[in-house]
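Asker: Here it is, the structure in full.
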Amino acid sequence: MISNTRHDHGSHSRELILDARNIGVDFKVEGGVVNAVHDVSFQLHKGETIALVGESGSGKSVTARTLMKLLTKRATISKQSSITLSGKDIIATSEANMRKLRGNDIAMIFQEPMSSLNPVYTIGQQLCEVLHLHNRISRKDAMAKAEQLLEEVQIPDPGARLRQYPHQLSGGQRQRVMIAMALANRPDVLIADEPTTALDVTVQAQILNLIKDLKDKYGMAVILITHDLTVVRQFSEYVYVMQNGRVQEHNATEALFANPQHAYTKHLLASEPKGVALPLAEGRETVLEGRNVKVSFTLKRGGFFNPDFFELNAVDNLDIKLQRHETLGIVGESGSGKTTFGQALIRLINNQGGEIFFDGEPIHDKDRQAMRPLRSRMQIVFQDPFASLNPRMSIRQIIEEGLVVNGIGANGRERLGRVKQALKDAGMPEGILNRFPHEFSGGQRQRIAIARAIALEPEFILLDEPTSALDLSVQAQIIDLLRKLQDEKGLSYLFISHDLKVVRALCHRVMVMQHGKIVEQGPVADVLTNPQTEYTARLVRAAFDIAA
C-alpha cells in the first residue's frame with residue numbers, strides 16, 4: 001500500500017492549500033463499470049508546482065476534473081474520497097457554490113485550446129465573460145482588464161487581439177488566451193492539463209516559462225499534468241506517477257529521477273528516445289533528389305471589396321538528396337514549410353518550379369495518372385493515424401486496399417498473406433484483421449498505418465510527425481520499429497518532425513527549415529551539438545533544456 005502522505009511532509013513551512021485523499025472515480029459504460037481512478041491521494045502547498053505523470057489512460061485528467069467537479073453524469077465519485085481546498089470540502093459543495101469556486105479559487109487550462117475557446121465569440125468577449133461571472137464590473141473596465149491580461153501573457157498587440165476570433169490566432173497564442181482566462185480572477189490553484197502537447201518546442205518553452213513566472217508573481221499553486229518528463233524535471237517540485245488509475249510512486253522531483261523505486265517509473269524514465277541511427281556505407285545511390293524545388297500559394301489580404309492578393313513562398317528553391325537506406329530529418333517550427341516540402345517531393349501537391357527525381361527518373365512533370373505506377377514504391381505515414389485510417393473499413397481492408405489498387409498479389413489468398421506479414425512486421429497480431437480503427441490506441445493505430453505503408457514493399461517512406469501525438473514509451477517502440485524495418489528492408493526515410501529528441505535517435509542527417517528556406521543542414525550529431533545558427537540553437541535549447 002503506497003503512503004498517502006508526502007515524503008517531504010514537514011520539511012517545509014508552506015501552507016497546505018489542497019489535500020486530496022483516497023479519490024476514486026467509476027464510469028458506467030455498456031456492459032459494466034470502469035474504475036478510472038482508484039485510491040489516489042496527493043497534497044499541494046501554496047506557491048509550489050506538483051506534477052501528475054503517466055501515459056494516456058492513466059487517470060491523470062479524470063483526477064484533475066474531479067478536483068473541479070467537472071465529471072460527466074456517468075461518473076461516480078467514491079464514498080471514501082475527500083478533497084479539501086483552503087479548508088472547503090469540495091465533494092460536499094453544491095453545484096451553485098462550485099461555480100463560484102471555479103475560476104476564483106481553482107482554475108484549469110485544457111489541453112486543446114481550439115476546442116476550449118468558442119469560435120463564434122471574439123477573444124475580448126470570452127475574457128469579459130469570465131470577468132463578469134465573478135466581479136461586478138462595467139463593460140469598459142472589463143475590456144481594459146482583458147487587454148491587461150493579454151499583455152500579461154505576452155500576446156503582441158493585445159488591443160487588436162481582443163477584436164479577433166480564435167481561428168485568427170496561432171496555437172501558442174490560443175494557449176496564452178486560455179492562460180489569461182484561467183488567471184483572470186487570480187485563483188489559488190491552477191491546473192495545467194497537458195498545456196503544451198500540440199505546440200512546437202520553442203512555443204512550449206515559452207508557455208511553460210510563462211506559467212512559472214505568473215506562479216511566482218502571484219504565489220499560485222500549480223498542478224501540472226503531462227507525460228513529458230523533461231517538463232516535469234524542469235518545472236515541478238514534487239511528482240506523482242500514475243498508472244491504471246493508481247499512484248504507483250511519489251517523491252520530490254530530483255529524488256524520484258535520481259532513484260526511482262517502482263518498475264513503471266523506471267520504464268517511463270527509460271522511454272526517452274535513445275540510440276542513434278546505424279552508420280551508412282559510402283557511395284550509396286540516391287533514391288530521391290530535389291533541385292530548386294519551389295512551392296508557392298496565392299493568398300488574399302484585405303476585405304471583400306478591396307482584396308489584395310500576394311504570393312507566399314512556402315518552399316523557396318530548395319535542394320535535397322536522400323540516399324538509399326538513409327534517414328533524413330526535416331525539422332522546424334509550425335509554418336516553416338516542412339510538410340509542404342515533403343508532399344511536393346512525392347508529388348502529392350504540385351511544385352511551381354524545380355526538378356524532382358525518384359530513383360534517377362524525373363517525376364516533376366508527371367501528372368497524377370503517370371505517377372500511379374510509382375506510388376507503391378513511395379509511401380507516406382501521416383501525423384494523425386485516426387484521421388488517415390478509414391473508420392468504416394476493417395484493418396484487413398485498410399491494408400489490402402493499396403495492394404488491390406496497385407495490382408499486387410496474384411489472388412486474395414496471396415494478398416491476405418501479405419497483409420498478415422505486414423502486421424507482423426509492424427508488431428501487431430494478425431488476429432485483428434476484422435476489427436476497426438476506433439478499437440485501437442493511438443500507438444496501435446500508428447503501427448497499423450506503418451503496416452499499410454510497408455505492405456506494398458516500398459523503397460521510400462515519408463514519415464510526417466509520426467510520433468508527435470504518442471506517449472513517450474509508445475514513441476520509443478515506434479522508433480525501434482522504424483529502425484528495425486529500415487535495417488531488414490533497406491528502406492529510405494524522409495522524417496518530418498519538430499521533436500529533436502526523436503530526430504537525434506532516428507536520423508543520419510538533418511535539415512533545419514525556417515520560413516520556407518533551409519537555414520542549416522548536416523550530420524545529426526554535428527547540427528545538434530554544435531548548431532551554427534541562432535534559430536537552430538534555440539530549437540536545440542528548447543528540446544533538450546526547456547528552462548533555457
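Residue numbering restarts at 1 for every chain of the C-alpha cells, chains are lettered A, B, ... in their displayed order, and ligands are numbered from 1 as they appear.
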If we count only C-alpha atoms, what is near segment 386-401 of chain A at a cut-off of 6 Å, once residues fewer than 3 positions away on the same chain are taken out, given as a PDB file with all heavy atoms, in the first residue's frame?

Answerer:
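Just written: result.pdb:
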ATOM      1  N   VAL A 404      -4.656  -4.006 -53.784  1.00  0.00           N
ATOM      2  CA  VAL A 404      -5.644  -4.166 -54.860  1.00  0.00           C
ATOM      3  C   VAL A 404      -5.471  -3.067 -55.906  1.00  0.00           C
ATOM      4  O   VAL A 404      -5.404  -3.329 -57.112  1.00  0.00           O
ATOM      5  CB  VAL A 404      -7.082  -4.136 -54.267  1.00  0.00           C
ATOM      6  CG1 VAL A 404      -8.126  -4.128 -55.388  1.00  0.00           C
ATOM      7  CG2 VAL A 404      -7.306  -5.324 -53.339  1.00  0.00           C
ATOM      8  N   LEU A 433      -7.591  -8.590 -37.892  1.00  0.00           N
ATOM      9  CA  LEU A 433      -7.967  -8.276 -39.275  1.00  0.00           C
ATOM     10  C   LEU A 433      -9.385  -7.740 -39.420  1.00  0.00           C
ATOM     11  O   LEU A 433      -9.649  -6.888 -40.265  1.00  0.00           O
ATOM     12  CB  LEU A 433      -7.822  -9.530 -40.149  1.00  0.00           C
ATOM     13  CG  LEU A 433      -6.380  -9.995 -40.397  1.00  0.00           C
ATOM     14  CD1 LEU A 433      -6.365 -11.357 -41.074  1.00  0.00           C
ATOM     15  CD2 LEU A 433      -5.625  -8.978 -41.246  1.00  0.00           C
ATOM     16  N   ASN A 434     -10.315  -8.227 -38.592  1.00  0.00           N
ATOM     17  CA  ASN A 434     -11.717  -7.824 -38.753  1.00  0.00           C
ATOM     18  C   ASN A 434     -12.142  -6.718 -37.796  1.00  0.00           C
ATOM     19  O   ASN A 434     -13.313  -6.387 -37.707  1.00  0.00           O
ATOM     20  CB  ASN A 434     -12.640  -9.046 -38.585  1.00  0.00           C
ATOM     21  CG  ASN A 434     -12.379 -10.073 -39.679  1.00  0.00           C
ATOM     22  OD1 ASN A 434     -12.200  -9.705 -40.840  1.00  0.00           O
ATOM     23  ND2 ASN A 434     -12.309 -11.339 -39.314  1.00  0.00           N
ATOM     24  N   ARG A 435     -11.170  -6.143 -37.096  1.00  0.00           N
ATOM     25  CA  ARG A 435     -11.501  -5.045 -36.184  1.00  0.00           C
ATOM     26  C   ARG A 435     -11.375  -3.700 -36.904  1.00  0.00           C
ATOM     27  O   ARG A 435     -10.875  -3.627 -38.022  1.00  0.00           O
ATOM     28  CB  ARG A 435     -10.593  -5.100 -34.953  1.00  0.00           C
ATOM     29  CG  ARG A 435     -10.941  -6.299 -34.052  1.00  0.00           C
ATOM     30  CD  ARG A 435      -9.896  -6.567 -33.001  1.00  0.00           C
ATOM     31  NE  ARG A 435      -9.813  -5.477 -32.026  1.00  0.00           N
ATOM     32  CZ  ARG A 435      -8.896  -5.424 -31.065  1.00  0.00           C
ATOM     33  NH1 ARG A 435      -7.998  -6.385 -30.946  1.00  0.00           N
ATOM     34  NH2 ARG A 435      -8.876  -4.418 -30.224  1.00  0.00           N
ATOM     35  N   PHE A 436     -11.831  -2.621 -36.229  1.00  0.00           N
ATOM     36  CA  PHE A 436     -11.871  -1.295 -36.856  1.00  0.00           C
ATOM     37  C   PHE A 436     -10.947  -0.316 -36.118  1.00  0.00           C
ATOM     38  O   PHE A 436     -10.628  -0.530 -34.948  1.00  0.00           O
ATOM     39  CB  PHE A 436     -13.319  -0.777 -36.878  1.00  0.00           C
ATOM     40  CG  PHE A 436     -14.203  -1.538 -37.829  1.00  0.00           C
ATOM     41  CD1 PHE A 436     -14.820  -2.721 -37.436  1.00  0.00           C
ATOM     42  CD2 PHE A 436     -14.379  -1.094 -39.133  1.00  0.00           C
ATOM     43  CE1 PHE A 436     -15.611  -3.436 -38.321  1.00  0.00           C
ATOM     44  CE2 PHE A 436     -15.162  -1.798 -40.028  1.00  0.00           C
ATOM     45  CZ  PHE A 436     -15.784  -2.979 -39.624  1.00  0.00           C
ATOM     46  N   PRO A 437     -10.527   0.783 -36.805  1.00  0.00           N
ATOM     47  CA  PRO A 437      -9.543   1.691 -36.203  1.00  0.00           C
ATOM     48  C   PRO A 437      -9.891   2.201 -34.803  1.00  0.00           C
ATOM     49  O   PRO A 437      -9.011   2.350 -33.959  1.00  0.00           O
ATOM     50  CB  PRO A 437      -9.480   2.853 -37.206  1.00  0.00           C
ATOM     51  CG  PRO A 437      -9.814   2.225 -38.517  1.00  0.00           C
ATOM     52  CD  PRO A 437     -10.826   1.162 -38.196  1.00  0.00           C
ATOM     53  N   ARG A 452       0.297  -0.597 -43.264  1.00  0.00           N
ATOM     54  CA  ARG A 452      -0.307  -0.289 -44.571  1.00  0.00           C
ATOM     55  C   ARG A 452       0.760   0.197 -45.551  1.00  0.00           C
ATOM     56  O   ARG A 452       0.751  -0.165 -46.738  1.00  0.00           O
ATOM     57  CB  ARG A 452      -1.380   0.789 -44.392  1.00  0.00           C
ATOM     58  CG  ARG A 452      -1.952   1.281 -45.708  1.00  0.00           C
ATOM     59  CD  ARG A 452      -3.083   2.260 -45.535  1.00  0.00           C
ATOM     60  NE  ARG A 452      -2.678   3.486 -44.844  1.00  0.00           N
ATOM     61  CZ  ARG A 452      -3.515   4.479 -44.566  1.00  0.00           C
ATOM     62  NH1 ARG A 452      -4.785   4.376 -44.885  1.00  0.00           N
ATOM     63  NH2 ARG A 452      -3.082   5.563 -43.955  1.00  0.00           N
TER      64      ARG A 452
END

Asker: Applying 8 Å and only C-alpha atoms, which residues near Val287 of chain A remain after dropping the ones on its own chain fewer than 4 positions away? List them as number ranges by chain.

Answerer: A: 321-324, 357-360, 460, 492

Asker: Considering only C-alpha atoms, state which residue in the set A:Val405, A:Ala453, A:Leu224, A:Leu16 is at the smallest distance from Thr63 of chain A.

Answerer: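 Smallest separation from Thr63 of chain A among the options: A:Leu224.
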
Asker: With a distance cut-off of 6 Å and only C-alpha atoms, select the neighbouring residues of Arg246 of chain A, excluding the residue or stretch itself and same-chain residues fewer than 3 positions from it, and output the selection as a list of chain:residue names.

Answerer: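 Skipping anything fewer than 3 positions along the chain leaves A:His38, A:Val40, A:Met242, A:Gln243.
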
Asker: Using only C-alpha atoms, can you tell me which of A:Met378, A:Val239, A:Val33, A:Ala344 comes closest to Asp8 of chain A?

Answerer: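 So, comparing all the options, the nearest one is A:Val239.
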
Asker: Which one of A:Leu269, A:Leu52, A:Val527, A:Ile83 sits closest to Thr66 of chain A if you count only C-alpha atoms?

Answerer: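 Nearest candidate to Thr66 of chain A out of A:Leu269, A:Leu52, A:Val527, A:Ile83: A:Ile83.
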
Asker: Would you mind writing down, as a list in words, each residue of segment 488-548 of chain A that DSSP on the backbone assigns to helix (DSSP H, G or I)?

Answerer: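 Answer for segment 488-548 of chain A restricted to helix (DSSP H, G or I) is Glu488, Lys489, Leu500, Lys501, Val502, Val503, Arg504, Ala505, Leu506, Val524, Ala525, Asp526, Val527, Leu528, Thr529, Glu534, Tyr535, Thr536, Ala537, Arg538, Leu539, Val540, Arg541, Ala542, Ala543 and Phe544 of chain A.
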
Asker: Would you pick out the contacts of Ala182 of chain A at 10 Å or less, using only C-alpha atoms, so that residues sharing its chain but fewer than 4 positions from it are not included, and give the list as a count of residues only?

Answerer: 19

Asker: Determine the nearest neighbour of Phe309 of chain A from the options A:Gln514, A:Phe297, A:Tyr264, A:Gly47, counting only C-alpha atoms.

Answerer: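 Among the listed residues, the smallest separation from Phe309 of chain A belongs to A:Phe297.
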
Asker: Which residues, written as a CSV table (one decimal) with N, CA and C atoms, in the first residue's frame, have at least one atom at most 6 Å from Leu472 of chain A, with only C-alpha atoms counted and residues fewer than 2 positions away on the same chain left out?

Answerer:
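That gives us out-v8.csv:
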chain,number,residue,atom,x,y,z
A,271,SER,N,12.2,5.5,-21.2
A,271,SER,CA,11.5,5.6,-22.5
A,271,SER,C,11.9,6.8,-23.3
A,474,VAL,N,5.5,4.7,-26.0
A,474,VAL,CA,5.0,4.2,-27.3
A,474,VAL,C,5.8,4.8,-28.4
A,475,GLN,N,6.3,6.1,-28.2
A,475,GLN,CA,7.2,6.7,-29.1
A,475,GLN,C,8.5,5.9,-29.3

Asker: Between atom CA of Thr76 of chain A and atom CA of Gly32 of chain A, what is the distance, to one decimal in Å?

Answerer: 13.1 Å

Asker: One decimal, in Å: what's the spacing between atom CA of Gln164 of chain A and atom CA of Gln125 of chain A?

Answerer: 9.8 Å

Asker: From a DSSP calculation on the backbone, collect every residue of segment 329-507 of chain A in strand (DSSP E or B) and output the set as number ranges by chain.

Answerer: A: 329-331, 353-358, 361-362, 378-381, 460-464, 492-497

Asker: Kindly indicate which residue among A:Leu162, A:Gln148, A:Cys128, A:Lys420 lies nearest to Ile432 of chain A, using only C-alpha atoms for the distances.

Answerer: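 Closest residue, counting only C-alpha atoms: A:Lys420.
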
Asker: When you draw a straight line from atom CA of Gly59 of chain A to atom CA of Ala476 of chain A, how long is it in Å?

Answerer: 21.6 Å

Asker: Have a look at A:Ile478, A:Leu348, A:Met511, A:Leu462 and name the one nearest to Leu494 of chain A; count only C-alpha atoms.

Answerer: A:Leu462

Asker: Find the residues near segment 515-525 of chain A: any atom within 7 Å, counting only C-alpha atoms, skip ones fewer than 3 places away on the same chain, and give them as a PyMOL selection string.

Answerer: chain A and resi 313-316+318+336-337+504+507-512+528-529

Asker: Might you pull out every residue within 9 Å of Val232 of chain A, with only C-alpha atoms counted and same-chain residues fewer than 5 positions away left off, and present them as a compact mmCIF listing (two decimals) with N, CA, C and O atoms, in the first residue's frame?

Answerer:
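Here's the written file result.txt:
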# COMPACT_ATOMS: atom_id res chain seq x y z
N ILE A 50 3.24 20.78 -8.40
CA ILE A 50 3.37 19.31 -8.37
C ILE A 50 2.99 18.79 -9.76
O ILE A 50 2.28 19.46 -10.51
N ALA A 51 3.49 17.62 -10.10
CA ALA A 51 3.20 17.02 -11.41
C ALA A 51 2.49 15.69 -11.23
O ALA A 51 2.88 14.89 -10.38
N LEU A 52 1.45 15.48 -12.05
CA LEU A 52 0.83 14.15 -12.17
C LEU A 52 1.32 13.60 -13.51
O LEU A 52 1.04 14.18 -14.56
N VAL A 53 2.06 12.51 -13.45
CA VAL A 53 2.72 11.98 -14.65
C VAL A 53 2.19 10.59 -14.95
O VAL A 53 1.93 9.81 -14.04
N LEU A 224 0.57 20.30 -12.57
CA LEU A 224 0.97 20.13 -13.97
C LEU A 224 0.72 18.68 -14.37
O LEU A 224 1.26 17.75 -13.76
N ILE A 225 -0.15 18.49 -15.36
CA ILE A 225 -0.45 17.14 -15.84
C ILE A 225 0.26 16.96 -17.18
O ILE A 225 0.05 17.73 -18.11
N THR A 226 1.11 15.94 -17.28
CA THR A 226 1.90 15.79 -18.50
C THR A 226 2.44 14.37 -18.62
O THR A 226 2.43 13.61 -17.66
N HIS A 227 2.89 14.03 -19.84
CA HIS A 227 3.64 12.77 -19.98
C HIS A 227 5.07 13.06 -20.43
O HIS A 227 5.83 12.15 -20.72
N GLU A 237 8.16 20.46 -8.38
CA GLU A 237 8.94 20.21 -7.16
C GLU A 237 8.64 18.83 -6.58
O GLU A 237 9.46 18.25 -5.87
N TYR A 238 7.44 18.32 -6.88
CA TYR A 238 7.05 17.01 -6.35
C TYR A 238 6.28 16.27 -7.43
O TYR A 238 5.52 16.88 -8.18
N VAL A 239 6.48 14.96 -7.55
CA VAL A 239 5.90 14.18 -8.65
C VAL A 239 5.09 13.01 -8.12
O VAL A 239 5.52 12.29 -7.22
N THR A 253 10.90 15.75 -6.82
CA THR A 253 11.29 15.53 -8.22
C THR A 253 12.69 14.97 -8.38
O THR A 253 12.89 13.92 -9.02
